[in-house]
Structures are given as structure tokens and as C-alpha cells.
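**Student:** Pasting protein-v8.cif below, which is mmCIF, C-alpha atoms (C1' of nucleotides).
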```cif
data_work
loop_
_atom_site.label_atom_id
_atom_site.label_comp_id
_atom_site.auth_asym_id
_atom_site.auth_seq_id
_atom_site.Cartn_x
_atom_site.Cartn_y
_atom_site.Cartn_z
CA MET A 57 10.80 13.97 43.03
CA SER A 58 8.32 16.33 41.45
CA ARG A 59 5.51 13.83 41.60
CA SER A 60 3.12 15.80 39.46
CA THR A 61 4.55 16.72 36.14
CA ARG A 62 1.67 15.85 33.83
CA ASN A 63 -0.82 15.87 36.67
CA PRO A 64 -3.03 18.88 36.03
CA ALA A 65 -5.45 18.13 38.87
CA ARG A 66 -2.67 18.30 41.44
CA VAL A 67 -1.44 21.62 40.08
CA PHE A 68 -4.97 23.02 40.07
CA ALA A 69 -5.47 21.81 43.62
CA ALA A 70 -2.24 23.52 44.65
CA LEU A 71 -3.49 26.77 43.12
CA GLY A 72 -6.92 26.30 44.66
CA ASP A 73 -6.01 27.81 48.01
CA GLU A 74 -5.84 31.55 48.57
CA THR A 75 -2.70 31.34 50.67
CA ARG A 76 -0.82 29.23 48.15
CA LEU A 77 -2.02 31.35 45.25
CA ALA A 78 -0.69 34.41 47.05
CA LEU A 79 2.65 32.65 47.56
CA VAL A 80 2.86 31.83 43.86
CA ILE A 81 2.06 35.42 42.93
CA ARG A 82 4.71 36.66 45.31
CA LEU A 83 7.32 34.27 43.95
CA SER A 84 6.45 35.14 40.37
CA ALA A 85 8.36 38.38 40.94
CA GLY A 86 11.47 36.27 40.43
CA GLU A 87 13.32 36.80 43.68
CA PRO A 88 13.79 33.64 45.76
CA LEU A 89 12.44 34.18 49.25
CA SER A 90 12.99 32.53 52.59
CA ILE A 91 10.21 31.08 54.71
CA SER A 92 10.47 33.98 57.15
CA ARG A 93 10.18 36.53 54.36
CA LEU A 94 7.20 34.69 52.94
CA THR A 95 5.58 34.58 56.36
CA GLU A 96 5.87 38.35 56.80
CA GLY A 97 2.66 40.07 55.82
CA SER A 98 0.71 36.87 56.30
CA ARG A 99 -1.56 36.36 59.26
CA LEU A 100 -0.54 32.73 59.42
CA THR A 101 2.12 30.95 61.40
CA ARG A 102 5.49 30.18 59.92
CA GLN A 103 4.72 26.48 60.20
CA SER A 104 1.50 26.89 58.31
CA VAL A 105 3.26 28.75 55.52
CA THR A 106 5.88 26.02 55.49
CA LYS A 107 3.21 23.38 55.00
CA HIS A 108 1.76 25.31 52.08
CA LEU A 109 5.21 25.60 50.56
CA ARG A 110 5.61 21.84 50.82
CA VAL A 111 2.34 21.37 49.00
CA LEU A 112 3.56 23.65 46.23
CA GLU A 113 6.84 21.77 46.17
CA ASN A 114 5.10 18.40 45.86
CA ALA A 115 3.11 19.83 42.98
CA GLY A 116 6.41 20.77 41.34
CA MET A 117 5.52 24.45 41.30
CA VAL A 118 8.27 25.57 43.60
CA ARG A 119 11.84 24.56 44.29
CA CYS A 120 13.70 24.84 47.57
CA ALA A 121 17.39 25.68 47.82
CA HIS A 122 19.16 25.82 51.16
CA SER A 123 21.57 28.64 51.85
CA GLY A 124 23.10 28.80 55.25
CA ARG A 125 20.29 28.59 57.72
CA GLU A 126 17.74 29.77 55.19
CA SER A 127 15.42 27.83 52.89
CA LEU A 128 15.01 29.83 49.72
CA PHE A 129 11.96 29.08 47.62
CA GLU A 130 11.77 29.86 43.96
CA LEU A 131 8.98 29.49 41.44
CA ASN A 132 9.16 26.79 38.78
CA PRO A 133 7.25 28.13 35.78
CA ARG A 134 6.86 24.80 33.99
CA PRO A 135 3.75 23.44 35.75
CA ILE A 136 1.98 26.73 35.21
CA ALA A 137 2.87 26.65 31.53
CA GLN A 138 1.57 23.09 31.35
CA VAL A 139 -1.81 23.84 32.89
CA ARG A 140 -2.05 26.90 30.65
CA GLU A 141 -1.72 24.61 27.66
CA TYR A 142 -4.16 22.20 29.23
CA LEU A 143 -6.79 24.91 29.59
CA ASP A 144 -6.06 26.06 26.06
CA ARG A 145 -6.91 22.58 24.80
CA VAL A 146 -10.14 22.52 26.80
CA SER A 147 -11.15 25.89 25.40
CA LYS A 148 -10.33 24.79 21.87
CA GLN A 149 -12.43 21.67 22.25
CA TRP A 150 -15.30 23.80 23.47
CA ASP A 151 -14.96 26.20 20.53
CA LYS A 152 -14.91 23.30 18.11
CA ALA A 153 -18.05 21.82 19.62
CA LEU A 154 -19.70 25.20 19.43
CA SER A 155 -18.89 25.76 15.78
CA ARG A 156 -20.07 22.24 14.95
CA LEU A 157 -23.35 23.03 16.65
CA LYS A 158 -23.60 26.31 14.78
CA SER A 159 -23.10 24.77 11.35
CA PHE A 160 -25.52 22.00 12.24
CA VAL A 161 -28.23 24.51 13.11
CA GLU A 162 -27.54 26.51 9.96
CA ASN A 163 -27.89 23.41 7.81
CA GLU A 164 -31.10 22.44 9.56
CA VAL A 165 -32.69 25.83 8.86
CA MET B 153 -25.67 33.47 41.81
CA SER B 154 -22.32 32.47 40.36
CA ARG B 155 -20.46 33.37 43.52
CA SER B 156 -17.02 33.19 42.01
CA THR B 157 -16.66 35.26 38.91
CA ARG B 158 -13.32 36.93 39.59
CA ASN B 159 -12.36 34.34 42.16
CA PRO B 160 -9.54 32.37 40.58
CA ALA B 161 -8.78 30.32 43.69
CA ARG B 162 -12.28 28.91 43.75
CA VAL B 163 -12.12 27.96 40.09
CA PHE B 164 -8.73 26.32 40.57
CA ALA B 165 -10.06 24.44 43.56
CA ALA B 166 -12.99 23.22 41.49
CA LEU B 167 -10.57 21.94 38.84
CA GLY B 168 -8.33 20.42 41.49
CA ASP B 169 -10.26 17.18 41.78
CA GLU B 170 -9.88 14.34 39.28
CA THR B 171 -13.60 13.61 39.22
CA ARG B 172 -14.59 17.22 38.61
CA LEU B 173 -11.86 17.69 36.03
CA ALA B 174 -13.20 14.65 34.19
CA LEU B 175 -16.71 16.11 34.32
CA VAL B 176 -15.46 19.39 32.85
CA ILE B 177 -13.64 17.54 30.07
CA ARG B 178 -16.74 15.54 29.31
CA LEU B 179 -18.95 18.63 29.20
CA SER B 180 -16.46 20.48 27.03
CA ALA B 181 -17.74 18.33 24.15
CA GLY B 182 -20.68 20.74 24.07
CA GLU B 183 -23.62 18.42 24.65
CA PRO B 184 -25.54 19.10 27.88
CA LEU B 185 -25.76 15.92 29.93
CA SER B 186 -28.01 14.70 32.69
CA ILE B 187 -26.77 13.53 36.06
CA SER B 188 -27.48 9.92 35.16
CA ARG B 189 -25.52 10.19 31.93
CA LEU B 190 -22.64 11.82 33.77
CA THR B 191 -22.71 9.06 36.36
CA GLU B 192 -22.42 6.32 33.72
CA GLY B 193 -18.81 5.25 33.32
CA SER B 194 -17.94 6.58 36.74
CA ARG B 195 -17.32 4.31 39.67
CA LEU B 196 -19.00 6.79 41.95
CA THR B 197 -22.54 7.08 43.18
CA ARG B 198 -25.04 9.37 41.52
CA GLN B 199 -25.18 11.42 44.71
CA SER B 200 -21.45 11.86 44.76
CA VAL B 201 -21.46 13.02 41.15
CA THR B 202 -24.29 15.39 42.02
CA LYS B 203 -22.23 16.91 44.81
CA HIS B 204 -19.32 17.47 42.46
CA LEU B 205 -21.65 19.10 39.95
CA ARG B 206 -22.87 21.46 42.67
CA VAL B 207 -19.29 22.42 43.43
CA LEU B 208 -18.71 23.18 39.76
CA GLU B 209 -21.96 25.13 39.70
CA ASN B 210 -20.96 27.22 42.73
CA ALA B 211 -17.69 27.96 40.99
CA GLY B 212 -19.72 29.20 38.02
CA MET B 213 -18.17 26.64 35.70
CA VAL B 214 -21.36 24.80 34.95
CA ARG B 215 -25.02 25.71 34.52
CA CYS B 216 -27.99 23.53 35.28
CA ALA B 217 -31.19 23.57 33.24
CA HIS B 218 -34.16 21.43 34.16
CA SER B 219 -36.02 19.58 31.45
CA GLY B 220 -38.80 17.31 32.53
CA ARG B 221 -37.41 15.08 35.20
CA GLU B 222 -33.85 15.62 34.05
CA SER B 223 -31.21 18.08 35.23
CA LEU B 224 -29.09 18.97 32.25
CA PHE B 225 -25.65 20.34 32.97
CA GLU B 226 -23.75 22.47 30.51
CA LEU B 227 -20.27 23.95 30.61
CA ASN B 228 -19.84 27.68 31.08
CA PRO B 229 -16.61 28.57 29.28
CA ARG B 230 -16.16 31.98 30.92
CA PRO B 231 -14.45 30.97 34.18
CA ILE B 232 -12.01 28.83 32.26
CA ALA B 233 -11.20 31.73 29.98
CA GLN B 234 -10.70 33.94 33.00
CA VAL B 235 -8.25 31.63 34.74
CA ARG B 236 -6.44 31.21 31.44
CA GLU B 237 -5.92 34.95 31.35
CA TYR B 238 -4.95 34.90 34.99
CA LEU B 239 -2.23 32.33 34.35
CA ASP B 240 -1.12 34.28 31.32
CA ARG B 241 -0.54 37.31 33.51
CA VAL B 242 1.42 35.25 36.04
CA SER B 243 3.60 33.83 33.30
CA LYS B 244 4.18 37.27 31.83
CA GLN B 245 5.22 38.64 35.21
CA TRP B 246 7.65 35.77 35.57
CA ASP B 247 9.11 36.37 32.11
CA LYS B 248 9.53 40.06 32.88
CA ALA B 249 11.32 39.30 36.13
CA LEU B 250 13.55 36.86 34.29
CA SER B 251 14.55 39.31 31.58
CA ARG B 252 15.22 41.99 34.19
CA LEU B 253 17.51 39.58 35.95
CA LYS B 254 19.22 38.71 32.71
CA SER B 255 19.98 42.30 31.73
CA PHE B 256 21.14 43.00 35.27
CA VAL B 257 23.64 40.16 35.11
CA GLU B 258 24.84 41.24 31.67
CA ASN B 259 25.44 44.80 32.88
CA GLU B 260 27.29 43.53 35.93
CA VAL B 261 29.67 41.47 33.79
"C1'" DT C 300 -53.01 2.49 36.91
"C1'" DC C 301 -48.46 0.62 37.94
"C1'" DA C 302 -43.62 0.22 37.30
"C1'" DT C 303 -39.60 2.58 36.23
"C1'" DT C 304 -36.50 6.34 35.84
"C1'" DA C 305 -34.26 10.72 37.36
"C1'" DT C 306 -33.65 13.36 40.88
"C1'" DG C 307 -33.63 15.81 45.65
"C1'" DC C 308 -32.89 15.77 50.50
"C1'" DA C 309 -30.91 14.30 54.79
"C1'" DA C 310 -28.15 11.70 57.92
"C1'" DC C 311 -24.06 9.61 58.58
"C1'" DC C 312 -19.02 8.11 58.30
"C1'" DT C 313 -14.16 8.72 57.47
"C1'" DC C 314 -10.18 10.98 56.44
"C1'" DC C 315 -7.20 14.66 55.57
"C1'" DA C 316 -6.13 19.55 54.97
"C1'" DA C 317 -5.24 23.56 57.51
"C1'" DG C 318 -3.91 25.46 61.42
"C1'" DT C 319 -1.86 25.56 65.99
"C1'" DT C 320 1.69 24.89 69.92
"C1'" DG C 321 5.96 23.17 71.76
"C1'" DC C 322 10.50 21.79 71.55
"C1'" DA C 323 15.08 20.87 69.31
"C1'" DT C 324 18.85 22.51 66.56
"C1'" DA C 325 21.83 24.74 63.19
"C1'" DA C 326 23.59 29.21 61.65
"C1'" DT C 327 24.49 33.90 62.46
"C1'" DA C 328 25.21 38.24 65.16
"C1'" DC C 329 27.19 40.73 69.02
"C1'" DG D 28 30.43 32.60 74.54
"C1'" DT D 29 25.72 33.98 74.42
"C1'" DA D 30 21.70 35.62 72.35
"C1'" DT D 31 19.08 35.65 68.32
"C1'" DT D 32 17.32 34.05 64.06
"C1'" DA D 33 15.63 30.51 60.72
"C1'" DT D 34 14.20 26.33 60.40
"C1'" DG D 35 12.69 21.27 61.18
"C1'" DC D 36 9.98 17.84 63.43
"C1'" DA D 37 6.10 16.06 65.97
"C1'" DA D 38 1.69 15.96 68.27
"C1'" DC D 39 -2.78 17.67 68.45
"C1'" DT D 40 -7.40 19.83 67.16
"C1'" DT D 41 -10.99 20.87 64.04
"C1'" DG D 42 -13.79 21.63 60.02
"C1'" DG D 43 -15.12 20.29 55.91
"C1'" DA D 44 -14.57 17.46 51.59
"C1'" DG D 45 -15.75 13.27 49.56
"C1'" DG D 46 -18.27 9.34 49.80
"C1'" DT D 47 -22.14 6.31 51.15
"C1'" DT D 48 -27.07 4.65 52.22
"C1'" DG D 49 -31.98 5.36 52.70
"C1'" DC D 50 -36.15 7.42 51.70
"C1'" DA D 51 -39.39 10.63 49.23
"C1'" DT D 52 -41.19 12.39 44.95
"C1'" DA D 53 -41.96 13.99 40.28
"C1'" DA D 54 -42.00 12.61 35.45
"C1'" DT D 55 -42.31 9.09 32.04
"C1'" DG D 56 -43.45 4.50 29.81
"C1'" DA D 57 -46.32 0.43 29.29
#
```
Go ahead and render the structure in this file as C-alpha cells.
**Tutor:**
Amino acid sequence: MSRSTRNPARVFAALGDETRLALVIRLSAGEPLSISRLTEGSRLTRQSVTKHLRVLENAGMVRCAHSGRESLFELNPRPIAQVREYLDRVSKQWDKALSRLKSFVENEV
Amino acid sequence: MSRSTRNPARVFAALGDETRLALVIRLSAGEPLSISRLTEGSRLTRQSVTKHLRVLENAGMVRCAHSGRESLFELNPRPIAQVREYLDRVSKQWDKALSRLKSFVENEV
DNA sequence: TCATTATGCAACCTCCAAGTTGCATAATAC
DNA sequence: GTATTATGCAACTTGGAGGTTGCATAATGA
């Protein structure tokens, strides 16, 4: 179960770690990668990388498919799209507040 | 010093906590608010809220101005805009990879 | 002046995230 | 069949995040 659809904080928390952010970037190239492949080039242990992948999976940002003895991880773009929209709304609210303030000042003067 | 301009992971980490996310939402209304005001309506202690505000400040997402005995916190929209652009780039890379895959499959068939 | 309000600072507790090591096992290669 | 590779599971350590309480102090109100 992807426990976190519609849970922006969890997605942000998942992205809030350098290692996991790097994994997401790597997977955004499209090619599904195994744990071993994802561990290559990292200074961390395979088990550590695995734990990070589980975190990403629980945040719904990554899916795991098993093929033979390999676990292939692939990016799920939906949560990223959702938090993009979330941040868009925050920015819009801020802009609105700003323009309200501006017109208020103009009317005062 | 806003230690984290150009540090997306830190900004994501700052947003990755329900309390801090709520603070950001509240401050996105534009009005600078004091610590006491920001503590009202929360079930947390003033000191806890203060700590969260410091985290947001270190991430550059919030600025503190002192007025009399009050500490007024205001949202800084820049980091949010930056991580928006960051996520836009990730999404674009994903879309590119996807269309490459698509055309590859079409040419194969 | 005296009480109240808003905050800062520091010590402390608890829990979990992040990382490690070790071992077991399934799948593949030779 | 045997060695190698890819992974899972479990136990353990450690640092820091998140939260609290207590006290000190500056600014404001009466």
C-alpha cells in the first residue's frame, strides 16, 4: 500500500535526505535499476541503500518489481507531480497575499 | 546566513515535518506572526514551535525580525520557488526518458 | 512600581533514523 | 555440482530530532 498519496509531508521528508534525493535523480533517467546497481558509486552499504529505497517505496515514490534474483526499482512520478502542485498552491497564496498588501498600501497613500 | 540557498535536500527536509509544513502554510498568508501567535492553535509548547522556526530559518525559508519584545517571523518565498524549479527539472527529465522509451519501442515494432 | 507578556537559554528525556555487521537463501554462472 | 551474485532478515550502535520543564530577562500595561 502506498501509504502516502495525498501526504505531502511524507514525500518531502523522503526527499529531504541527500542519499534518497540522489536515488530519485538517478531513477528519473527512466531505467529501472537493481539494488546492486544503485549501490555502485555510493559510499554506503547495500543494506543502507535498501533501507532508503524502502523509505521511498513507503512514500509511494518508487515501485519495486522482482525479476529473477533482482529487485528492480522504478520511479513513480505521481507523488512528485503532487508536491509540485502543492508548492504551486503555496506560491499562489503568497502572491495573492502580496498583491493584496500592495493594493492596500496604494489605497492608503 | 541562509546556509541552504541551493540546497534542495535541506529545504525538503524542512518541509518534511507536519508542524513545520503547517507553519509555512500559515505564514504564506503574508502576515508576519510572533512566536506566541504561531503557538496558538498548536498543541505544542512555545519552545517546540520556536525550535521548528529555527529549523525553517536555517533552511532560509523564514526570516525573523525583532519588534519590541516580539519576534516576528515572515515567509521567504525564494527557497520554495527554487525547489519548485528543481522538481520541474526532475519531472522534465522523467518525461524525456519516457518519450525516448516510447519512440524506441515504436521503432522496434 | 508591580504584574504580565514574549522570549531566550539550557538541561534533560525519549525515540527513531541511519548506518553497520553477520548470517541465510534463492538465482545464476561456470 | 560448486562458486558467485543479489537479496532478505535481524540485531546492534549511535547521533540527533522532537519534545518537555525550569529559570532568567527584556518589554509592556496598569
**Student:** Applied to this file, what does the PyMOL selection byres ((chain A) within 8 of (chain C)) return in terms of residues, put as a list in words?
**Tutor:**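 Those residues are Ser104, Gly124 and Arg125 of chain A.
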**Student:** Return chain A as a PDB file with C-alpha atoms, in the frame of the given file, after superposing it on chain B by a least-squares fit that covers all C-alpha atoms paired in order.
**Tutor:**
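The result, written out as result.pdb:
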```pdb
ATOM      1  CA  MET A  57     -25.696  33.354  41.971  1.00  0.00           C
ATOM      2  CA  SER A  58     -22.358  32.443  40.474  1.00  0.00           C
ATOM      3  CA  ARG A  59     -20.456  33.398  43.579  1.00  0.00           C
ATOM      4  CA  SER A  60     -17.034  33.169  42.027  1.00  0.00           C
ATOM      5  CA  THR A  61     -16.674  35.269  38.966  1.00  0.00           C
ATOM      6  CA  ARG A  62     -13.321  36.926  39.598  1.00  0.00           C
ATOM      7  CA  ASN A  63     -12.352  34.340  42.174  1.00  0.00           C
ATOM      8  CA  PRO A  64      -9.525  32.375  40.593  1.00  0.00           C
ATOM      9  CA  ALA A  65      -8.773  30.309  43.699  1.00  0.00           C
ATOM     10  CA  ARG A  66     -12.291  28.902  43.758  1.00  0.00           C
ATOM     11  CA  VAL A  67     -12.116  27.963  40.088  1.00  0.00           C
ATOM     12  CA  PHE A  68      -8.725  26.326  40.581  1.00  0.00           C
ATOM     13  CA  ALA A  69     -10.060  24.441  43.577  1.00  0.00           C
ATOM     14  CA  ALA A  70     -12.999  23.234  41.498  1.00  0.00           C
ATOM     15  CA  LEU A  71     -10.584  21.955  38.853  1.00  0.00           C
ATOM     16  CA  GLY A  72      -8.326  20.441  41.494  1.00  0.00           C
ATOM     17  CA  ASP A  73     -10.266  17.205  41.800  1.00  0.00           C
ATOM     18  CA  GLU A  74      -9.902  14.378  39.308  1.00  0.00           C
ATOM     19  CA  THR A  75     -13.611  13.636  39.237  1.00  0.00           C
ATOM     20  CA  ARG A  76     -14.604  17.236  38.613  1.00  0.00           C
ATOM     21  CA  LEU A  77     -11.870  17.704  36.034  1.00  0.00           C
ATOM     22  CA  ALA A  78     -13.198  14.662  34.202  1.00  0.00           C
ATOM     23  CA  LEU A  79     -16.710  16.132  34.320  1.00  0.00           C
ATOM     24  CA  VAL A  80     -15.465  19.400  32.843  1.00  0.00           C
ATOM     25  CA  ILE A  81     -13.635  17.554  30.079  1.00  0.00           C
ATOM     26  CA  ARG A  82     -16.742  15.556  29.314  1.00  0.00           C
ATOM     27  CA  LEU A  83     -18.933  18.648  29.202  1.00  0.00           C
ATOM     28  CA  SER A  84     -16.449  20.498  27.025  1.00  0.00           C
ATOM     29  CA  ALA A  85     -17.720  18.349  24.155  1.00  0.00           C
ATOM     30  CA  GLY A  86     -20.661  20.743  24.079  1.00  0.00           C
ATOM     31  CA  GLU A  87     -23.582  18.415  24.640  1.00  0.00           C
ATOM     32  CA  PRO A  88     -25.530  19.076  27.850  1.00  0.00           C
ATOM     33  CA  LEU A  89     -25.739  15.910  29.907  1.00  0.00           C
ATOM     34  CA  SER A  90     -27.996  14.681  32.659  1.00  0.00           C
ATOM     35  CA  ILE A  91     -26.758  13.523  36.043  1.00  0.00           C
ATOM     36  CA  SER A  92     -27.453   9.902  35.131  1.00  0.00           C
ATOM     37  CA  ARG A  93     -25.480  10.194  31.907  1.00  0.00           C
ATOM     38  CA  LEU A  94     -22.619  11.821  33.764  1.00  0.00           C
ATOM     39  CA  THR A  95     -22.691   9.078  36.372  1.00  0.00           C
ATOM     40  CA  GLU A  96     -22.375   6.344  33.743  1.00  0.00           C
ATOM     41  CA  GLY A  97     -18.782   5.267  33.347  1.00  0.00           C
ATOM     42  CA  SER A  98     -17.920   6.619  36.768  1.00  0.00           C
ATOM     43  CA  ARG A  99     -17.303   4.339  39.699  1.00  0.00           C
ATOM     44  CA  LEU A 100     -19.002   6.814  41.986  1.00  0.00           C
ATOM     45  CA  THR A 101     -22.555   7.091  43.197  1.00  0.00           C
ATOM     46  CA  ARG A 102     -25.036   9.363  41.517  1.00  0.00           C
ATOM     47  CA  GLN A 103     -25.227  11.430  44.687  1.00  0.00           C
ATOM     48  CA  SER A 104     -21.497  11.872  44.760  1.00  0.00           C
ATOM     49  CA  VAL A 105     -21.466  13.038  41.157  1.00  0.00           C
ATOM     50  CA  THR A 106     -24.309  15.389  42.000  1.00  0.00           C
ATOM     51  CA  LYS A 107     -22.283  16.930  44.803  1.00  0.00           C
ATOM     52  CA  HIS A 108     -19.359  17.485  42.459  1.00  0.00           C
ATOM     53  CA  LEU A 109     -21.679  19.107  39.952  1.00  0.00           C
ATOM     54  CA  ARG A 110     -22.902  21.468  42.653  1.00  0.00           C
ATOM     55  CA  VAL A 111     -19.336  22.427  43.424  1.00  0.00           C
ATOM     56  CA  LEU A 112     -18.754  23.192  39.759  1.00  0.00           C
ATOM     57  CA  GLU A 113     -21.993  25.142  39.684  1.00  0.00           C
ATOM     58  CA  ASN A 114     -21.009  27.222  42.715  1.00  0.00           C
ATOM     59  CA  ALA A 115     -17.729  27.966  40.988  1.00  0.00           C
ATOM     60  CA  GLY A 116     -19.734  29.217  38.008  1.00  0.00           C
ATOM     61  CA  MET A 117     -18.191  26.648  35.694  1.00  0.00           C
ATOM     62  CA  VAL A 118     -21.375  24.807  34.930  1.00  0.00           C
ATOM     63  CA  ARG A 119     -25.015  25.702  34.501  1.00  0.00           C
ATOM     64  CA  CYS A 120     -28.009  23.519  35.255  1.00  0.00           C
ATOM     65  CA  ALA A 121     -31.192  23.543  33.193  1.00  0.00           C
ATOM     66  CA  HIS A 122     -34.160  21.390  34.120  1.00  0.00           C
ATOM     67  CA  SER A 123     -36.007  19.533  31.404  1.00  0.00           C
ATOM     68  CA  GLY A 124     -38.787  17.273  32.452  1.00  0.00           C
ATOM     69  CA  ARG A 125     -37.423  15.041  35.135  1.00  0.00           C
ATOM     70  CA  GLU A 126     -33.851  15.580  34.018  1.00  0.00           C
ATOM     71  CA  SER A 127     -31.211  18.047  35.193  1.00  0.00           C
ATOM     72  CA  LEU A 128     -29.080  18.952  32.217  1.00  0.00           C
ATOM     73  CA  PHE A 129     -25.644  20.343  32.947  1.00  0.00           C
ATOM     74  CA  GLU A 130     -23.741  22.449  30.501  1.00  0.00           C
ATOM     75  CA  LEU A 131     -20.276  23.949  30.619  1.00  0.00           C
ATOM     76  CA  ASN A 132     -19.833  27.689  31.079  1.00  0.00           C
ATOM     77  CA  PRO A 133     -16.589  28.595  29.318  1.00  0.00           C
ATOM     78  CA  ARG A 134     -16.146  32.000  30.948  1.00  0.00           C
ATOM     79  CA  PRO A 135     -14.445  30.977  34.215  1.00  0.00           C
ATOM     80  CA  ILE A 136     -11.991  28.846  32.295  1.00  0.00           C
ATOM     81  CA  ALA A 137     -11.203  31.753  29.999  1.00  0.00           C
ATOM     82  CA  GLN A 138     -10.702  33.954  33.049  1.00  0.00           C
ATOM     83  CA  VAL A 139      -8.242  31.650  34.781  1.00  0.00           C
ATOM     84  CA  ARG A 140      -6.447  31.218  31.460  1.00  0.00           C
ATOM     85  CA  GLU A 141      -5.910  34.960  31.381  1.00  0.00           C
ATOM     86  CA  TYR A 142      -4.928  34.901  35.022  1.00  0.00           C
ATOM     87  CA  LEU A 143      -2.224  32.321  34.375  1.00  0.00           C
ATOM     88  CA  ASP A 144      -1.111  34.279  31.334  1.00  0.00           C
ATOM     89  CA  ARG A 145      -0.523  37.303  33.554  1.00  0.00           C
ATOM     90  CA  VAL A 146       1.443  35.228  36.057  1.00  0.00           C
ATOM     91  CA  SER A 147       3.615  33.825  33.291  1.00  0.00           C
ATOM     92  CA  LYS A 148       4.194  37.278  31.847  1.00  0.00           C
ATOM     93  CA  GLN A 149       5.247  38.619  35.221  1.00  0.00           C
ATOM     94  CA  TRP A 150       7.674  35.746  35.559  1.00  0.00           C
ATOM     95  CA  ASP A 151       9.128  36.375  32.094  1.00  0.00           C
ATOM     96  CA  LYS A 152       9.542  40.046  32.884  1.00  0.00           C
ATOM     97  CA  ALA A 153      11.353  39.276  36.118  1.00  0.00           C
ATOM     98  CA  LEU A 154      13.568  36.857  34.268  1.00  0.00           C
ATOM     99  CA  SER A 155      14.543  39.306  31.557  1.00  0.00           C
ATOM    100  CA  ARG A 156      15.228  41.977  34.178  1.00  0.00           C
ATOM    101  CA  LEU A 157      17.539  39.551  35.924  1.00  0.00           C
ATOM    102  CA  LYS A 158      19.227  38.704  32.645  1.00  0.00           C
ATOM    103  CA  SER A 159      19.955  42.308  31.712  1.00  0.00           C
ATOM    104  CA  PHE A 160      21.140  42.983  35.242  1.00  0.00           C
ATOM    105  CA  VAL A 161      23.655  40.148  35.048  1.00  0.00           C
ATOM    106  CA  GLU A 162      24.811  41.264  31.610  1.00  0.00           C
ATOM    107  CA  ASN A 163      25.419  44.787  32.862  1.00  0.00           C
ATOM    108  CA  GLU A 164      27.292  43.495  35.884  1.00  0.00           C
ATOM    109  CA  VAL A 165      29.676  41.452  33.728  1.00  0.00           C
TER     110      VAL A 165
END
```
**Student:** Please, which residues of chain B lie no more than 6 Å from chain A when the count uses all atoms listed in the file, and can they be set out as a PyMOL selection string?
**Tutor:** chain B and resi 161+164-165+167-170+180-182+246+249
**Student:** Could you spell out the hits of the PyMOL selection byres ((chain A) within 12 of (chain D)) on the shown file, as a PyMOL selection string?
**Tutor:** chain A and resi 90-93+95+102-103+106-107+122-128
**Student:** In Å, with one decimal, what is the gap from atom CA of A:Val105 to atom CA of A:Pro135?
**Tutor:**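 So the answer is 20.5 Å.
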**Student:** Quick check, in Å to one decimal: how far apart do atom CA of A:Gly97 and atom CA of A:Cys120 lie?
**Tutor:** 20.5 Å
**Student:** Please, what distance in Å, to one decimal, runs between atom CA of B:Arg215 and atom CA of B:Arg195?
**Tutor:**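 A separation of 23.3 Å between them.
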**Student:** Render stretch 35-47 of chain D from the structure in the preceding block as a file of N, CA and C atoms (P, O5', C5', C4', C3', O3' and C1' of nucleotides), as a compact mmCIF listing (two decimals), in the first residue's frame.
**Tutor:**
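The result, stored in out.txt:
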```txt
# COMPACT_ATOMS: atom_id res chain seq x y z
P DG D 35 15.40 -7.53 -1.38
O5' DG D 35 15.36 -8.57 -0.16
C5' DG D 35 14.86 -9.88 -0.37
C4' DG D 35 14.75 -10.61 0.95
C3' DG D 35 14.18 -9.77 2.10
O3' DG D 35 13.25 -10.55 2.84
C1' DG D 35 16.36 -10.54 2.69
P DC D 36 12.37 -9.89 3.97
O5' DC D 36 13.14 -10.30 5.30
C5' DC D 36 13.65 -11.62 5.43
C4' DC D 36 14.38 -11.77 6.76
C3' DC D 36 13.87 -10.85 7.87
O3' DC D 36 13.72 -11.61 9.05
C1' DC D 36 16.19 -10.57 7.60
P DA D 37 13.00 -10.96 10.34
O5' DA D 37 14.24 -10.78 11.33
C5' DA D 37 15.23 -11.79 11.35
C4' DA D 37 16.35 -11.39 12.29
C3' DA D 37 15.93 -10.42 13.41
O3' DA D 37 16.56 -10.81 14.61
C1' DA D 37 17.71 -9.49 12.21
P DA D 38 16.14 -10.15 15.99
O5' DA D 38 17.55 -9.59 16.50
C5' DA D 38 18.71 -10.44 16.42
C4' DA D 38 19.94 -9.60 16.67
C3' DA D 38 19.79 -8.60 17.83
O3' DA D 38 20.96 -8.63 18.64
C1' DA D 38 20.41 -7.46 15.86
P DC D 39 20.98 -7.89 20.04
O5' DC D 39 22.00 -6.70 19.74
C5' DC D 39 23.12 -6.91 18.89
C4' DC D 39 23.71 -5.58 18.51
C3' DC D 39 23.48 -4.48 19.54
O3' DC D 39 24.73 -4.06 20.08
C1' DC D 39 23.03 -3.73 17.32
P DT D 40 24.76 -2.88 21.17
O5' DT D 40 25.23 -1.65 20.28
C5' DT D 40 26.25 -1.83 19.30
C4' DT D 40 26.57 -0.49 18.66
C3' DT D 40 26.58 0.69 19.63
O3' DT D 40 27.70 1.50 19.35
C1' DT D 40 25.04 1.10 17.86
P DT D 41 28.09 2.74 20.26
O5' DT D 41 27.50 3.98 19.46
C5' DT D 41 27.72 4.07 18.06
C4' DT D 41 27.02 5.30 17.52
C3' DT D 41 26.94 6.46 18.50
O3' DT D 41 27.25 7.64 17.81
C1' DT D 41 24.80 5.96 17.70
P DG D 42 27.74 8.95 18.55
O5' DG D 42 27.00 10.08 17.70
C5' DG D 42 26.84 9.85 16.30
C4' DG D 42 25.63 10.61 15.80
C3' DG D 42 25.47 12.00 16.42
O3' DG D 42 25.16 12.91 15.39
C1' DG D 42 23.53 10.68 16.86
P DG D 43 25.16 14.47 15.69
O5' DG D 43 23.64 14.84 15.37
C5' DG D 43 22.97 14.17 14.32
C4' DG D 43 21.48 14.17 14.58
C3' DG D 43 20.95 15.51 15.09
O3' DG D 43 19.71 15.74 14.46
C1' DG D 43 20.30 13.83 16.55
P DA D 44 19.22 17.21 14.19
O5' DA D 44 17.70 16.99 13.78
C5' DA D 44 17.29 15.74 13.24
C4' DA D 44 15.93 15.34 13.81
C3' DA D 44 15.00 16.52 14.08
O3' DA D 44 13.68 16.15 13.72
C1' DA D 44 15.35 15.32 16.08
P DG D 45 12.56 17.20 13.55
O5' DG D 45 11.69 17.04 14.88
C5' DG D 45 11.08 15.79 15.15
C4' DG D 45 10.57 15.77 16.57
C3' DG D 45 9.80 17.03 16.98
O3' DG D 45 8.55 16.65 17.51
C1' DG D 45 11.42 16.48 18.59
P DG D 46 7.46 17.78 17.80
O5' DG D 46 7.50 17.93 19.39
C5' DG D 46 7.10 16.82 20.17
C4' DG D 46 7.67 16.93 21.56
C3' DG D 46 7.34 18.23 22.32
O3' DG D 46 6.13 18.09 23.04
C1' DG D 46 9.55 17.38 22.78
P DT D 47 5.61 19.37 23.91
O5' DT D 47 6.38 19.24 25.31
C5' DT D 47 6.36 18.01 26.01
C4' DT D 47 7.30 18.06 27.20
C3' DT D 47 7.08 19.30 28.08
O3' DT D 47 6.32 18.96 29.22
C1' DT D 47 9.42 18.89 27.65
```
